[in-house]
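Below is one structure, written out as structure tokens, with a few remarks after it.
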Amino acid sequence: MSKKLIKILAIVLVICISVGIYHYKIRIVTNTEVYLTQKYVKYNYGKDAEVFFNDYAYTENYKDIAFHYCDAEKIISLYNTWTVFMLDVYYDKTEFDNVLDKLTFKINRNEPDSTTGGFLVYSVKDEDDVYKNNSAFVLIDSERNTVRYVLVCDRNDASPYKLYRYVDWIFNDIKWNHDDSAVSHDDWIFDYS
């Protein structure tokens, strides 16, 4: 093989590797209606998210709700990618206290796994297959009467201390409007370029 051909092959290889490392196919959905109508069930790992939300998310008497989905899939991947479902639920104080009482039977509220961005972070420890293959978390913000339910899919080793590595917006401020009118979350923009 000539040196020129080897150089060309090396350049092509470097380009292919960098495309694989930096080129994401990202789907981001921040539409609450997708959650309320359960359209998310058709998404990548949507069935797992449905089980998680049915098991843990209390959405009967909420004041506001926001749904977020991010699927970052690489065309060529040298390491794992991630898919995340996140549901923020804002309650009035009485309902928030009721939800915390219900969650006490499902998570160990005496021992949060970490505290980040105003949230107490609790790992879901459940024997169901959904929780063996994915990492689920319940984040509680008592100042804002909000519970954030997070499912990191196909990552059963996600650490509560390193959630920001999967999606940095998991710890963004909650944008609730406390005058009892709902805030649109559908215009949130996330740039992962």
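Each chain in the structure tokens gets a letter, A, B and so on, in the order shown; residues start at 1 in every chain, and ligands are counted from 1 in the order they appear.
For segment 88-151 of chain A, backbone-based DSSP labels the following residues as strand (DSSP E or B): Asp88, Val89, Tyr90, Ser114, Thr115, Thr116, Phe119, Leu120, Val121, Tyr122, Ser123, Ser135, Ala136, Phe137, Val138, Leu139, Ile140, Asp141, Thr146, Val147, Arg148, Tyr149, Val150 and Leu151 of chain A.
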* Can you pull out every residue within 10 Å of Ala136 of chain A, counting only C-alpha atoms, but drop anything in the same chain fewer than 4 positions away, and send it as an MDAnalysis selection string? => chainID A and resid 49 52 56 84:86 122:126 130:132 149:153 155:156 158:160
Could you dump the residues just selected with N, CA and C atoms as a compact mmCIF listing (two decimals), in the first residue's frame?
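Generated file (again-v2.txt):
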# COMPACT_ATOMS: atom_id res chain seq x y z
N ALA A 49 -41.06 3.64 31.12
CA ALA A 49 -41.46 4.89 31.76
C ALA A 49 -42.90 4.81 32.26
N PHE A 52 -42.88 2.96 35.51
CA PHE A 52 -42.32 3.81 36.57
C PHE A 52 -43.31 4.88 37.00
N TYR A 56 -44.91 5.13 40.75
CA TYR A 56 -44.39 6.14 41.67
C TYR A 56 -45.01 7.53 41.57
N VAL A 84 -33.82 9.66 28.82
CA VAL A 84 -34.31 10.09 30.12
C VAL A 84 -35.75 10.57 30.01
N PHE A 85 -36.57 10.12 30.95
CA PHE A 85 -37.93 10.62 31.12
C PHE A 85 -37.94 11.38 32.44
N MET A 86 -38.59 12.55 32.45
CA MET A 86 -38.66 13.33 33.67
C MET A 86 -40.04 13.95 33.79
N TYR A 122 -33.58 10.60 45.88
CA TYR A 122 -33.76 9.24 46.39
C TYR A 122 -33.72 8.26 45.23
N SER A 123 -32.93 7.21 45.37
CA SER A 123 -32.91 6.15 44.37
C SER A 123 -34.07 5.21 44.62
N VAL A 124 -34.69 4.78 43.54
CA VAL A 124 -35.77 3.80 43.64
C VAL A 124 -35.14 2.42 43.68
N LYS A 125 -35.46 1.68 44.72
CA LYS A 125 -34.95 0.31 44.85
C LYS A 125 -36.15 -0.61 44.78
N ASP A 126 -36.29 -1.28 43.66
CA ASP A 126 -37.47 -2.09 43.39
C ASP A 126 -37.00 -3.34 42.67
N VAL A 130 -38.14 -3.54 35.36
CA VAL A 130 -37.96 -2.16 34.89
C VAL A 130 -36.85 -1.48 35.68
N TYR A 131 -36.77 -1.74 36.97
CA TYR A 131 -35.80 -1.07 37.82
C TYR A 131 -34.46 -1.80 37.86
N LYS A 132 -34.42 -3.02 37.36
CA LYS A 132 -33.15 -3.73 37.25
C LYS A 132 -32.38 -3.26 36.02
N TYR A 149 -39.87 13.12 39.13
CA TYR A 149 -39.68 11.69 38.90
C TYR A 149 -38.78 11.53 37.68
N VAL A 150 -37.66 10.81 37.83
CA VAL A 150 -36.67 10.69 36.76
C VAL A 150 -36.37 9.23 36.50
N LEU A 151 -36.42 8.84 35.22
CA LEU A 151 -36.04 7.49 34.81
C LEU A 151 -34.92 7.61 33.78
N VAL A 152 -33.74 7.10 34.12
CA VAL A 152 -32.61 7.05 33.19
C VAL A 152 -32.60 5.64 32.63
N CYS A 153 -32.90 5.52 31.35
CA CYS A 153 -33.15 4.21 30.74
C CYS A 153 -31.87 3.52 30.30
N ARG A 155 -29.62 2.24 31.91
CA ARG A 155 -28.47 2.57 32.75
C ARG A 155 -28.80 2.15 34.17
N ASN A 156 -28.62 0.89 34.48
CA ASN A 156 -28.94 0.44 35.84
C ASN A 156 -27.87 0.83 36.84
N ALA A 158 -26.72 4.13 37.05
CA ALA A 158 -26.70 5.59 37.19
C ALA A 158 -26.62 5.96 38.67
N SER A 159 -25.69 6.81 38.98
CA SER A 159 -25.49 7.22 40.37
C SER A 159 -26.29 8.48 40.68
N PRO A 160 -26.92 8.53 41.85
CA PRO A 160 -27.63 9.76 42.22
C PRO A 160 -26.69 10.95 42.36
* For Glu50 of chain A, the nearest of the candidates A:Leu5, A:Cys70, A:Ile65, A:Leu87, counting only C-alpha atoms ->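 Ranking A:Leu5, A:Cys70, A:Ile65, A:Leu87 by distance to Glu50 of chain A, first place goes to A:Leu87.
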* Structure fact -> If you count only C-alpha atoms, the residue of A:Tyr69, A:Tyr90, A:Phe119, A:Phe53 closest to Leu139 of chain A turns out to be A:Phe119
Running DSSP on the backbone, which parts of segment 37-94 of chain A land in alpha helix (DSSP H), as an mmCIF file with C-alpha atoms, in the first residue's frame?
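Everything below was put into selection_31.cif:
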data_model
loop_
_atom_site.group_PDB
_atom_site.id
_atom_site.type_symbol
_atom_site.label_atom_id
_atom_site.label_comp_id
_atom_site.auth_asym_id
_atom_site.auth_seq_id
_atom_site.Cartn_x
_atom_site.Cartn_y
_atom_site.Cartn_z
ATOM 1 C CA GLY A 46 -41.758 4.364 26.817
ATOM 2 C CA LYS A 47 -43.202 1.148 28.262
ATOM 3 C CA ASP A 48 -40.611 1.251 31.055
ATOM 4 C CA ALA A 49 -41.460 4.892 31.764
ATOM 5 C CA GLU A 50 -45.153 4.018 31.895
ATOM 6 C CA VAL A 51 -44.471 1.376 34.563
ATOM 7 C CA PHE A 52 -42.319 3.810 36.565
ATOM 8 C CA PHE A 53 -44.856 6.649 36.417
ATOM 9 C CA ASN A 54 -47.717 4.289 37.304
ATOM 10 C CA ASP A 55 -45.739 2.889 40.249
ATOM 11 C CA TYR A 56 -44.390 6.145 41.674
ATOM 12 C CA LYS A 93 -49.080 22.095 50.415
ATOM 13 C CA THR A 94 -51.728 19.655 51.677
#
* Select, from A:Ile28, A:Ala57, A:Val12, A:Val89, the residue with the minimum atom-to-atom distance to Asn44 of chain A, counting only C-alpha atoms. =>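 Closest candidate: A:Ile28.
Computed from the coordinates, the atom CA of Tyr91 of chain A to atom CA of Phe67 of chain A distance equals 15.0 Å.
By only C-alpha atoms, and with residues fewer than 2 positions from Val121 of chain A along its chain excluded, the set lying at most 10 Å from it is Arg109, Glu111, Pro112, Asp113, Ser114, Thr115, Thr116, Gly117, Gly118, Phe119, Ser123, Val124, Phe137, Val138, Leu139, Ile140, Asp141, Arg148, Tyr149, Pro160, Tyr161 and Leu163 of chain A.
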Taking N, CA and C atoms for each residue, export the selection above as a JSON list (two decimals), in the first residue's frame.
[["chain", "number", "residue", "atom", "x", "y", "z"],
["A", 109, "ARG", "N", -37.30, 7.79, 52.98],
["A", 109, "ARG", "CA", -37.21, 9.25, 53.07],
["A", 109, "ARG", "C", -36.29, 9.72, 54.18],
["A", 111, "GLU", "N", -33.25, 8.69, 54.49],
["A", 111, "GLU", "CA", -31.88, 8.65, 53.99],
["A", 111, "GLU", "C", -31.82, 9.00, 52.51],
["A", 112, "PRO", "N", -31.80, 10.30, 52.17],
["A", 112, "PRO", "CA", -31.65, 10.65, 50.76],
["A", 112, "PRO", "C", -30.26, 10.23, 50.27],
["A", 113, "ASP", "N", -30.19, 9.88, 48.99],
["A", 113, "ASP", "CA", -28.92, 9.47, 48.42],
["A", 113, "ASP", "C", -27.99, 10.65, 48.18],
["A", 114, "SER", "N", -28.57, 11.80, 47.90],
["A", 114, "SER", "CA", -27.78, 13.01, 47.73],
["A", 114, "SER", "C", -28.70, 14.22, 47.78],
["A", 115, "THR", "N", -28.09, 15.37, 47.84],
["A", 115, "THR", "CA", -28.83, 16.63, 47.78],
["A", 115, "THR", "C", -28.18, 17.47, 46.70],
["A", 116, "THR", "N", -28.96, 17.87, 45.73],
["A", 116, "THR", "CA", -28.42, 18.65, 44.62],
["A", 116, "THR", "C", -29.44, 19.66, 44.16],
["A", 117, "GLY", "N", -29.01, 20.88, 43.98],
["A", 117, "GLY", "CA", -29.86, 21.92, 43.41],
["A", 117, "GLY", "C", -31.16, 22.13, 44.15],
["A", 118, "GLY", "N", -31.16, 21.97, 45.46],
["A", 118, "GLY", "CA", -32.39, 22.16, 46.23],
["A", 118, "GLY", "C", -33.25, 20.91, 46.33],
["A", 119, "PHE", "N", -32.84, 19.85, 45.68],
["A", 119, "PHE", "CA", -33.59, 18.59, 45.70],
["A", 119, "PHE", "C", -32.95, 17.60, 46.65],
["A", 123, "SER", "N", -32.93, 7.21, 45.37],
["A", 123, "SER", "CA", -32.91, 6.15, 44.37],
["A", 123, "SER", "C", -34.07, 5.21, 44.62],
["A", 124, "VAL", "N", -34.69, 4.78, 43.54],
["A", 124, "VAL", "CA", -35.77, 3.80, 43.64],
["A", 124, "VAL", "C", -35.14, 2.42, 43.68],
["A", 137, "PHE", "N", -35.29, 7.58, 39.94],
["A", 137, "PHE", "CA", -35.05, 8.48, 41.06],
["A", 137, "PHE", "C", -36.29, 9.30, 41.34],
["A", 138, "VAL", "N", -36.48, 9.61, 42.62],
["A", 138, "VAL", "CA", -37.52, 10.54, 43.04],
["A", 138, "VAL", "C", -36.78, 11.70, 43.70],
["A", 139, "LEU", "N", -37.00, 12.90, 43.18],
["A", 139, "LEU", "CA", -36.36, 14.10, 43.70],
["A", 139, "LEU", "C", -37.43, 14.97, 44.36],
["A", 140, "ILE", "N", -37.16, 15.41, 45.57],
["A", 140, "ILE", "CA", -38.16, 16.16, 46.33],
["A", 140, "ILE", "C", -37.64, 17.56, 46.63],
["A", 141, "ASP", "N", -38.46, 18.55, 46.31],
["A", 141, "ASP", "CA", -38.16, 19.95, 46.61],
["A", 141, "ASP", "C", -39.27, 20.47, 47.50],
["A", 148, "ARG", "N", -40.07, 15.51, 41.53],
["A", 148, "ARG", "CA", -39.56, 15.27, 40.18],
["A", 148, "ARG", "C", -39.24, 13.78, 40.08],
["A", 149, "TYR", "N", -39.87, 13.12, 39.13],
["A", 149, "TYR", "CA", -39.68, 11.69, 38.90],
["A", 149, "TYR", "C", -38.78, 11.53, 37.68],
["A", 160, "PRO", "N", -26.92, 8.53, 41.85],
["A", 160, "PRO", "CA", -27.63, 9.76, 42.22],
["A", 160, "PRO", "C", -26.69, 10.95, 42.36],
["A", 161, "TYR", "N", -25.41, 10.68, 42.56],
["A", 161, "TYR", "CA", -24.43, 11.76, 42.69],
["A", 161, "TYR", "C", -23.99, 12.30, 41.34],
["A", 163, "LEU", "N", -26.14, 12.32, 38.39],
["A", 163, "LEU", "CA", -27.27, 12.43, 37.46],
["A", 163, "LEU", "C", -27.04, 13.48, 36.40]]
